Structure formats: C-alpha cells, structure tokens
Amino acid sequence: MVANIEQAEEGVVMCLDETRHGLEDGQFVTFSEVQGMTELNDCEPRKVKVIGPYTFSIGDTRGLSAYTRGGLFKQVKMPVVLNFKSFKSALEEPEYFYSDFSKFDRPAQLHVGFQALHAFAAANNGRMPRPGNDDDATEVIRLANQINDAWSQKTELDDKLLKQLAYQATGDLSPMVAVFGGLVAQEVLKACTGKFSPINNFMYFDALECLPIGFEPKEADLAPVGSRYDGQIAVFGREFQEKLSNYREFLVGSGAIGCEMLKNWAMMGIASGENGVIHVTDMDTIEKSNLNRQFLFRPADVGKLKSDTAAEAVAKMNPDIAGKIVTHQDRVGLETEVVYNDEFYESIDGVTNALDNVVARKYMDQRCVFYRKPLLESGTLGTKGNTQVVIPHLTESYSASQDPAEKQIPICTLKNFPHAIEHTIQWARDLFEGLFTQPAESVNA
C-alpha cells in the first residue's frame, strides 16, 4: 500500500511502514486507486529501482499531478526474449545452472567428464565404463584430459571426481531419477506455457556425499547380478543392497509424500528380502481432491483406505515387496501406544514421517528420540518443501527448533485499510468470532 509518491526525476514511492514492498531492481510495477497522481492508475509498467525495504523509485514523475493519498501497486511480469546457442556452440561456450554453490567447480569438470563418457561409449560400441573397473576409469580420465586440452575454456580436472563418474556411469538410482523427472516436467510446462524462466543451458547435479566416507568397494561388489537393482548396486554395492532388502521401516502417512516414498522404496527394493518389512499407517480414506497429487490412487479408489490402496499399488510396481507391507489405520499418539509399543519400535530400523500436522510430527520425533531410531522428516506447502534427517544423540531433533511465528495483521489495517485478500479473510474471521464464538463462550463460562 502506497504512503507517498514524490514528484522528481527519480520519483520515490514510499510504502506504509508495516509492509515491505518485496521488490527487486529491474522488476516492473503498475498502480491503482492513486489519488492526485492519477496518471499512474493502470499506467504502463514502470521499472523499479530499490532504495530500501519500504521505498523504491519508478523513474521521472515530474510531469505528473501532485500525489494526494492512497494507492496500491502490484508487480507486473514482463515478457523476456531468451536466445539459445546451438548445441555445438553451447558445448564449447557453456553456461551453467548452479544447484549447489559449495561445489562451484564441479559443473565445468562434469561438462568435460560427460563428453569423455560419450567418447568412451563411441569407441566401445556403445558400452559405458564398467562399475569399479580401473582400466575403464583410466581411459575416461585420459579422454577427459584430451578434451580439456583442446577446449578454449580449460578447467582444472580432479581425477578422483572423474574416476567416480566412470565407476557410476551405469548407475541408476530411483530417487535421483524422480528428482530429474520433476525438473524435466517443469521445463516442459515452462516451454508449453511461456511462463517462468527455463534452465539456461547446462545443469549438472551430483550427490557424491551420499557415498559412505572411505567407500572403496571392489569391482566384484559393484558388478551386475542380473536383478532389477543392478543400477543401484553399480553405485552402492551388493552389500548395501542386501541391507536395503532386509530393512524394516515405519511410514507414518500415505498421502502425497507417502505415495512418493513408497514408490521410491519399491523401486529401490527396500524390504524385498526375507527379513524386510514396511509398516504404513494412515487413517484417512481417498477423496477425489487427492487424485491430482497422490499419484498411486485412481478415480476408482475414491472412498478406499489410503494405506491399503497405496500398498497394493506399489506391490504391482515391484512384486518383490508383495506381502512385505503391513498396513494400519491408526492415528499416532498417546491413544495408540498400546499398538505402537516397545515391542513394535524395537522391531523396526527407522521411521519416515509423511504427516500434515505439527502435533503428530513432534510426537513421532519424541518417540524416535526415546527409542533411538533414525527419523526422516519431510513436509510440503504449495511449491515449497523441506526435509530433515534426525539421528538421536547425533543431530538436532525436529522439536528442537520451531518455525517463526506467523506475522500478525495489525488491527488498524483490518479496520481501516484492508488492502489484501488475507486482510478481508481475517476481517471476516474476526467478525464471525465476535458474533458467534465469543458470546457463546461468555454465556457458558
């Protein structure tokens, strides 16, 4: 909400003290409900230069009428023309999208490394380097240095990084595939709609920190065994896959996050072994509104229990885990500690939260700390998401920190200047409280 607009070569707009404008240099705004300087109402978008958290300039306003009072501004998205190089030119003069600034030197090295992998495959009838094979890795390093020497933008190469790239060239990890599937889907939507900026040229992603410290398996441990998990064995080894297959996990909730977890676990082969088991609890039934994001469910499943339906769906994806998923319909809390008791927690290896409320999250966090079980905590809100790995007596627990309190709307704004949608909603809530809740509570007190 606007408090004042100057008549000057660089006209400064001042916002009410209670509200930051949230703009950045180079963005564009337009105005409405301005009194006095009415030329700004529904004007052509004006470019912003940020001066402070409550002030910004919009260019020359000397030819406009004097500002009197009032007014709202809103950011306007301006079309941007993006020009892309040919693939040949982009390979020679790449631009990178950095997903992790702690690995600032990695994209350039991986740019050379992937070209070396392609050169290796071309010279070996399409075969990629064998997992853990030193001869193949040495050849990839040689090709990378050869490509780098001929490159106009030479970079310093790390032989250890290139060696890991060669070792894992045939690797295939379902969770990482899911990440890139989501990225590709977003890029397709951007291309179809023309909204939001696409990733410009090359994005390289690595997560070598997932490998155990000092992890140096022998080639035989990484060699394929003819199973559907060979891509995973190529990265983490046969011993690790054996541990996953006999893992015993407790999943709390089988909604949007729970569906994704179960799908990934099925593809990874978790609990597919003789001693493996997955416990899933969710007391909810499937509603039609769930179908747009809880992808294990179909229209015919509406009204069915989420936990049962999700278990059936992933068992079809991977028959190895059929009969390995135990479903429950219990709310986790004090009232179900007779079900999820000492014996239950002693029988599992870890817990994953896929919950939609803080109370249940804190309860499960307390139980995991008490029974010393690792907890994977996660949550979503719109397009935002978070994850937290909790290991008792080693990391911070979920309950150890809290989100900042939600910003309260000043009462004077609600009563006199409600200028945003959330203000009108809060105004209606306050009115409802005053008419129907507070009088009844006063009578019953």
# chains A, B, ... in the order shown; residues from 1 in each chain; ligands from 1

$ select_by_dssp --residues "range 57-278 of chain A" --states "strand (DSSP E)" --output "PyMOL selection string"
chain A and resi 57+72-76+96-97+202-203+248-252+277-278

$ residues_around --residues "Leu208 in chain A" --least-positions-apart "3" --cutoff "10 Å" --atoms "only C-alpha atoms" --output "ChimeraX atom specification"
/A:161,164-165,205,211-213

$ write_last_selection --atoms "C-alpha atoms" --output "short mmCIF file (atom, residue, chain, number, x, y, z; two decimals), in the first residue's frame"
data_model
loop_
_atom_site.label_atom_id
_atom_site.label_comp_id
_atom_site.auth_asym_id
_atom_site.auth_seq_id
_atom_site.Cartn_x
_atom_site.Cartn_y
_atom_site.Cartn_z
CA LEU A 161 35.82 -36.98 -9.44
CA GLN A 164 33.74 -41.77 -9.61
CA LEU A 165 31.91 -40.60 -12.73
CA PHE A 205 23.90 -32.40 -10.38
CA LEU A 211 28.58 -42.35 -0.60
CA PRO A 212 29.94 -43.52 2.76
CA ILE A 213 33.23 -41.92 3.82
#

$ closest_residue --among "A:Glu287, A:Glu44, A:Glu92, A:Asp356" --to "Thr380 in chain A" --atoms "only C-alpha atoms"
A:Asp356

$ select_by_dssp --residues "range 3-167 of chain A" --states "alpha helix (DSSP H)" --output "NGL selection string"
:A and (87-92 or 106-123 or 134-149 or 159-167)

$ closest_residue --among "A:Asp308, A:Glu343, A:Glu377, A:Glu39" --to "Asn357 in chain A" --atoms "only C-alpha atoms"
A:Glu377

$ closest_atom_pairs --of "range 61-130 of chain A" --to "range 17-35 of chain A" --cutoff "12 Å" --atoms "only C-alpha atoms" --output "CSV"
residue,atom,partner,partner_atom,distance
A:Leu64,CA,A:Gln35,CA,11.8
A:Ser65,CA,A:Gln35,CA,9.5
A:Ala66,CA,A:Gln35,CA,8.9
A:Tyr67,CA,A:Gln35,CA,6.5
A:Thr68,CA,A:Gln35,CA,5.4
A:Arg69,CA,A:Gln35,CA,5.4
A:Gly70,CA,A:Val34,CA,5.3
A:Gly71,CA,A:Val34,CA,3.9
A:Leu72,CA,A:Ser32,CA,5.3
A:Phe73,CA,A:Phe31,CA,4.4
A:Lys74,CA,A:Val29,CA,5.4
A:Gln75,CA,A:Val29,CA,4.3
A:Val76,CA,A:Val29,CA,5.2
A:Lys77,CA,A:Phe28,CA,6.9
A:Met78,CA,A:Phe28,CA,7.3
A:Pro79,CA,A:Phe28,CA,10.9
A:Val80,CA,A:Gln27,CA,11.8

$ residues_around --residues "Ala108 in chain A" --least-positions-apart "6" --cutoff "12 Å" --atoms "only C-alpha atoms" --output "PyMOL selection string"
chain A and resi 91-98+114-115+144+148+151+153-158+161-162+202-205

$ write_last_selection --atoms "N, CA and C atoms" --output "PDB file, in the first residue's frame"
ATOM      1  N   LEU A  91      28.311 -26.416 -26.189  1.00  0.00           N
ATOM      2  CA  LEU A  91      29.347 -27.309 -25.672  1.00  0.00           C
ATOM      3  C   LEU A  91      30.679 -26.589 -25.537  1.00  0.00           C
ATOM      4  N   GLU A  92      30.968 -25.737 -26.487  1.00  0.00           N
ATOM      5  CA  GLU A  92      32.252 -25.029 -26.485  1.00  0.00           C
ATOM      6  C   GLU A  92      32.248 -23.851 -25.516  1.00  0.00           C
ATOM      7  N   GLU A  93      31.108 -23.167 -25.397  1.00  0.00           N
ATOM      8  CA  GLU A  93      30.994 -21.993 -24.525  1.00  0.00           C
ATOM      9  C   GLU A  93      29.793 -22.183 -23.591  1.00  0.00           C
ATOM     10  N   PRO A  94      29.907 -23.083 -22.628  1.00  0.00           N
ATOM     11  CA  PRO A  94      28.754 -23.422 -21.789  1.00  0.00           C
ATOM     12  C   PRO A  94      28.432 -22.362 -20.754  1.00  0.00           C
ATOM     13  N   GLU A  95      27.156 -22.309 -20.391  1.00  0.00           N
ATOM     14  CA  GLU A  95      26.697 -21.554 -19.232  1.00  0.00           C
ATOM     15  C   GLU A  95      26.080 -22.570 -18.287  1.00  0.00           C
ATOM     16  N   TYR A  96      26.291 -22.399 -16.983  1.00  0.00           N
ATOM     17  CA  TYR A  96      25.874 -23.410 -16.017  1.00  0.00           C
ATOM     18  C   TYR A  96      24.804 -22.879 -15.078  1.00  0.00           C
ATOM     19  N   PHE A  97      23.926 -23.786 -14.698  1.00  0.00           N
ATOM     20  CA  PHE A  97      22.965 -23.528 -13.631  1.00  0.00           C
ATOM     21  C   PHE A  97      23.506 -24.206 -12.383  1.00  0.00           C
ATOM     22  N   TYR A  98      23.835 -23.424 -11.362  1.00  0.00           N
ATOM     23  CA  TYR A  98      24.464 -23.969 -10.154  1.00  0.00           C
ATOM     24  C   TYR A  98      23.393 -24.386  -9.152  1.00  0.00           C
ATOM     25  N   PHE A 114      31.322 -35.740 -18.887  1.00  0.00           N
ATOM     26  CA  PHE A 114      30.253 -36.383 -19.655  1.00  0.00           C
ATOM     27  C   PHE A 114      30.613 -36.484 -21.131  1.00  0.00           C
ATOM     28  N   GLN A 115      31.331 -35.514 -21.645  1.00  0.00           N
ATOM     29  CA  GLN A 115      31.814 -35.638 -23.023  1.00  0.00           C
ATOM     30  C   GLN A 115      32.795 -36.804 -23.145  1.00  0.00           C
ATOM     31  N   ALA A 144      39.065 -37.346 -20.964  1.00  0.00           N
ATOM     32  CA  ALA A 144      38.678 -36.050 -20.388  1.00  0.00           C
ATOM     33  C   ALA A 144      39.819 -35.045 -20.505  1.00  0.00           C
ATOM     34  N   ASN A 148      39.750 -31.645 -22.600  1.00  0.00           N
ATOM     35  CA  ASN A 148      40.037 -30.397 -21.883  1.00  0.00           C
ATOM     36  C   ASN A 148      41.185 -29.631 -22.530  1.00  0.00           C
ATOM     37  N   TRP A 151      40.028 -27.675 -25.431  1.00  0.00           N
ATOM     38  CA  TRP A 151      38.928 -26.759 -25.121  1.00  0.00           C
ATOM     39  C   TRP A 151      39.456 -25.351 -24.903  1.00  0.00           C
ATOM     40  N   GLN A 153      38.128 -23.165 -23.001  1.00  0.00           N
ATOM     41  CA  GLN A 153      37.912 -22.776 -21.609  1.00  0.00           C
ATOM     42  C   GLN A 153      38.437 -23.877 -20.686  1.00  0.00           C
ATOM     43  N   LYS A 154      39.734 -24.113 -20.749  1.00  0.00           N
ATOM     44  CA  LYS A 154      40.334 -25.202 -19.962  1.00  0.00           C
ATOM     45  C   LYS A 154      39.985 -25.058 -18.484  1.00  0.00           C
ATOM     46  N   THR A 155      39.732 -26.188 -17.839  1.00  0.00           N
ATOM     47  CA  THR A 155      39.418 -26.199 -16.415  1.00  0.00           C
ATOM     48  C   THR A 155      40.324 -27.192 -15.706  1.00  0.00           C
ATOM     49  N   GLU A 156      40.506 -27.006 -14.427  1.00  0.00           N
ATOM     50  CA  GLU A 156      41.324 -27.931 -13.643  1.00  0.00           C
ATOM     51  C   GLU A 156      40.499 -29.168 -13.304  1.00  0.00           C
ATOM     52  N   LEU A 157      40.987 -30.327 -13.723  1.00  0.00           N
ATOM     53  CA  LEU A 157      40.248 -31.571 -13.550  1.00  0.00           C
ATOM     54  C   LEU A 157      40.715 -32.320 -12.307  1.00  0.00           C
ATOM     55  N   ASP A 158      39.754 -32.925 -11.618  1.00  0.00           N
ATOM     56  CA  ASP A 158      40.023 -33.738 -10.440  1.00  0.00           C
ATOM     57  C   ASP A 158      39.881 -35.205 -10.841  1.00  0.00           C
ATOM     58  N   LEU A 161      37.192 -37.236  -9.004  1.00  0.00           N
ATOM     59  CA  LEU A 161      35.820 -36.980  -9.441  1.00  0.00           C
ATOM     60  C   LEU A 161      35.519 -37.729 -10.736  1.00  0.00           C
ATOM     61  N   LEU A 162      36.451 -37.662 -11.687  1.00  0.00           N
ATOM     62  CA  LEU A 162      36.253 -38.342 -12.968  1.00  0.00           C
ATOM     63  C   LEU A 162      36.231 -39.858 -12.789  1.00  0.00           C
ATOM     64  N   PHE A 202      23.265 -25.712 -19.372  1.00  0.00           N
ATOM     65  CA  PHE A 202      23.627 -26.970 -18.711  1.00  0.00           C
ATOM     66  C   PHE A 202      23.418 -26.923 -17.194  1.00  0.00           C
ATOM     67  N   MET A 203      22.795 -27.994 -16.690  1.00  0.00           N
ATOM     68  CA  MET A 203      22.693 -28.191 -15.249  1.00  0.00           C
ATOM     69  C   MET A 203      23.277 -29.552 -14.912  1.00  0.00           C
ATOM     70  N   TYR A 204      24.305 -29.568 -14.112  1.00  0.00           N
ATOM     71  CA  TYR A 204      24.929 -30.817 -13.655  1.00  0.00           C
ATOM     72  C   TYR A 204      24.675 -30.962 -12.163  1.00  0.00           C
ATOM     73  N   PHE A 205      24.234 -32.147 -11.783  1.00  0.00           N
ATOM     74  CA  PHE A 205      23.901 -32.401 -10.378  1.00  0.00           C
ATOM     75  C   PHE A 205      24.661 -33.634  -9.909  1.00  0.00           C
TER      76      PHE A 205
END

$ residues_around --residues "Asp221 in chain A" --least-positions-apart "4" --cutoff "9 Å" --atoms "only C-alpha atoms" --output "mmCIF file with N, CA, C and O atoms, in the first residue's frame"
data_model
loop_
_atom_site.group_PDB
_atom_site.id
_atom_site.type_symbol
_atom_site.label_atom_id
_atom_site.label_comp_id
_atom_site.auth_asym_id
_atom_site.auth_seq_id
_atom_site.Cartn_x
_atom_site.Cartn_y
_atom_site.Cartn_z
ATOM 1 N N GLY A 132 33.330 -49.813 -11.162
ATOM 2 C CA GLY A 132 34.512 -50.146 -10.376
ATOM 3 C C GLY A 132 35.697 -50.637 -11.172
ATOM 4 O O GLY A 132 36.691 -51.066 -10.574
ATOM 5 N N PRO A 217 34.714 -49.874 -2.757
ATOM 6 C CA PRO A 217 34.348 -51.275 -2.977
ATOM 7 C C PRO A 217 35.172 -51.898 -4.098
ATOM 8 O O PRO A 217 35.703 -51.201 -4.968
ATOM 9 N N ILE A 233 23.175 -51.250 -7.415
ATOM 10 C CA ILE A 233 24.366 -51.993 -6.994
ATOM 11 C C ILE A 233 25.611 -51.374 -7.597
ATOM 12 O O ILE A 233 26.674 -51.326 -6.961
ATOM 13 N N ALA A 234 25.508 -50.841 -8.833
ATOM 14 C CA ALA A 234 26.650 -50.218 -9.502
ATOM 15 C C ALA A 234 27.158 -48.998 -8.752
ATOM 16 O O ALA A 234 28.324 -48.608 -8.895
ATOM 17 N N PHE A 236 26.274 -48.302 -5.053
ATOM 18 C CA PHE A 236 26.485 -48.547 -3.627
ATOM 19 C C PHE A 236 27.016 -49.946 -3.302
ATOM 20 O O PHE A 236 27.434 -50.183 -2.175
ATOM 21 N N GLY A 237 26.937 -50.859 -4.245
ATOM 22 C CA GLY A 237 27.474 -52.194 -3.988
ATOM 23 C C GLY A 237 26.426 -53.197 -3.547
ATOM 24 O O GLY A 237 25.332 -52.851 -3.105
ATOM 25 N N ARG A 238 26.796 -54.480 -3.645
ATOM 26 C CA ARG A 238 25.884 -55.570 -3.347
ATOM 27 C C ARG A 238 25.552 -55.640 -1.850
ATOM 28 O O ARG A 238 24.428 -55.942 -1.463
ATOM 29 N N GLU A 239 26.530 -55.355 -1.005
ATOM 30 C CA GLU A 239 26.302 -55.431 0.442
ATOM 31 C C GLU A 239 25.262 -54.409 0.882
ATOM 32 O O GLU A 239 24.397 -54.699 1.708
#

$ decode --residues "range 218-282 of chain A" --atoms "C-alpha atoms" --output "PDB file, in the first residue's frame"
ATOM      1  CA  LYS A 218      35.917 -53.919  -5.164  1.00  0.00           C
ATOM      2  CA  GLU A 219      34.792 -54.319  -8.747  1.00  0.00           C
ATOM      3  CA  ALA A 220      33.145 -57.656  -7.926  1.00  0.00           C
ATOM      4  CA  ASP A 221      30.915 -55.972  -5.322  1.00  0.00           C
ATOM      5  CA  LEU A 222      29.656 -53.458  -7.938  1.00  0.00           C
ATOM      6  CA  ALA A 223      29.219 -55.957 -10.776  1.00  0.00           C
ATOM      7  CA  PRO A 224      25.672 -56.629 -12.065  1.00  0.00           C
ATOM      8  CA  VAL A 225      23.923 -59.740 -10.778  1.00  0.00           C
ATOM      9  CA  GLY A 226      21.062 -59.792 -13.261  1.00  0.00           C
ATOM     10  CA  SER A 227      18.478 -58.202 -10.956  1.00  0.00           C
ATOM     11  CA  ARG A 228      16.322 -55.109 -11.330  1.00  0.00           C
ATOM     12  CA  TYR A 229      18.574 -53.401  -8.764  1.00  0.00           C
ATOM     13  CA  ASP A 230      21.808 -53.611 -10.799  1.00  0.00           C
ATOM     14  CA  GLY A 231      21.776 -49.845 -11.380  1.00  0.00           C
ATOM     15  CA  GLN A 232      21.774 -49.299  -7.634  1.00  0.00           C
ATOM     16  CA  ILE A 233      24.366 -51.993  -6.994  1.00  0.00           C
ATOM     17  CA  ALA A 234      26.650 -50.218  -9.502  1.00  0.00           C
ATOM     18  CA  VAL A 235      26.690 -47.187  -7.184  1.00  0.00           C
ATOM     19  CA  PHE A 236      26.485 -48.547  -3.627  1.00  0.00           C
ATOM     20  CA  GLY A 237      27.474 -52.194  -3.988  1.00  0.00           C
ATOM     21  CA  ARG A 238      25.884 -55.570  -3.347  1.00  0.00           C
ATOM     22  CA  GLU A 239      26.302 -55.431   0.442  1.00  0.00           C
ATOM     23  CA  PHE A 240      24.379 -52.165   0.643  1.00  0.00           C
ATOM     24  CA  GLN A 241      21.572 -53.600  -1.485  1.00  0.00           C
ATOM     25  CA  GLU A 242      21.370 -56.566   0.846  1.00  0.00           C
ATOM     26  CA  LYS A 243      20.888 -54.205   3.804  1.00  0.00           C
ATOM     27  CA  LEU A 244      18.129 -52.330   1.980  1.00  0.00           C
ATOM     28  CA  SER A 245      16.293 -55.529   1.103  1.00  0.00           C
ATOM     29  CA  ASN A 246      16.116 -56.536   4.773  1.00  0.00           C
ATOM     30  CA  TYR A 247      15.352 -53.078   6.149  1.00  0.00           C
ATOM     31  CA  ARG A 248      12.351 -52.619   8.467  1.00  0.00           C
ATOM     32  CA  GLU A 249      10.769 -49.162   8.136  1.00  0.00           C
ATOM     33  CA  PHE A 250       7.714 -47.409   9.605  1.00  0.00           C
ATOM     34  CA  LEU A 251       5.977 -44.901   7.307  1.00  0.00           C
ATOM     35  CA  VAL A 252       3.553 -42.543   9.070  1.00  0.00           C
ATOM     36  CA  GLY A 253       1.108 -41.227   6.487  1.00  0.00           C
ATOM     37  CA  SER A 254       0.448 -42.323   2.912  1.00  0.00           C
ATOM     38  CA  GLY A 255      -0.716 -39.101   1.283  1.00  0.00           C
ATOM     39  CA  ALA A 256       1.274 -37.036  -1.210  1.00  0.00           C
ATOM     40  CA  ILE A 257       4.696 -37.537   0.405  1.00  0.00           C
ATOM     41  CA  GLY A 258       3.840 -41.070   1.497  1.00  0.00           C
ATOM     42  CA  CYS A 259       2.984 -42.106  -2.079  1.00  0.00           C
ATOM     43  CA  GLU A 260       6.320 -40.774  -3.328  1.00  0.00           C
ATOM     44  CA  MET A 261       8.194 -42.545  -0.534  1.00  0.00           C
ATOM     45  CA  LEU A 262       6.511 -45.885  -1.157  1.00  0.00           C
ATOM     46  CA  LYS A 263       7.127 -45.638  -4.901  1.00  0.00           C
ATOM     47  CA  ASN A 264      10.824 -44.886  -4.392  1.00  0.00           C
ATOM     48  CA  TRP A 265      11.201 -47.647  -1.822  1.00  0.00           C
ATOM     49  CA  ALA A 266       9.562 -50.150  -4.155  1.00  0.00           C
ATOM     50  CA  MET A 267      11.931 -49.180  -6.974  1.00  0.00           C
ATOM     51  CA  MET A 268      14.912 -49.388  -4.606  1.00  0.00           C
ATOM     52  CA  GLY A 269      13.910 -52.818  -3.297  1.00  0.00           C
ATOM     53  CA  ILE A 270      13.553 -51.778   0.327  1.00  0.00           C
ATOM     54  CA  ALA A 271      12.054 -54.624   2.405  1.00  0.00           C
ATOM     55  CA  SER A 272      12.188 -57.015  -0.568  1.00  0.00           C
ATOM     56  CA  GLY A 273      14.351 -59.503   1.367  1.00  0.00           C
ATOM     57  CA  GLU A 274      13.429 -62.282   3.709  1.00  0.00           C
ATOM     58  CA  ASN A 275      13.529 -60.134   6.862  1.00  0.00           C
ATOM     59  CA  GLY A 276      12.329 -56.852   5.359  1.00  0.00           C
ATOM     60  CA  VAL A 277       9.020 -55.168   6.183  1.00  0.00           C
ATOM     61  CA  ILE A 278       7.356 -51.784   5.716  1.00  0.00           C
ATOM     62  CA  HIS A 279       4.685 -50.680   8.204  1.00  0.00           C
ATOM     63  CA  VAL A 280       2.330 -47.980   6.866  1.00  0.00           C
ATOM     64  CA  THR A 281      -0.324 -46.217   8.892  1.00  0.00           C
ATOM     65  CA  ASP A 282      -2.914 -43.718   7.670  1.00  0.00           C
TER      66      ASP A 282
END
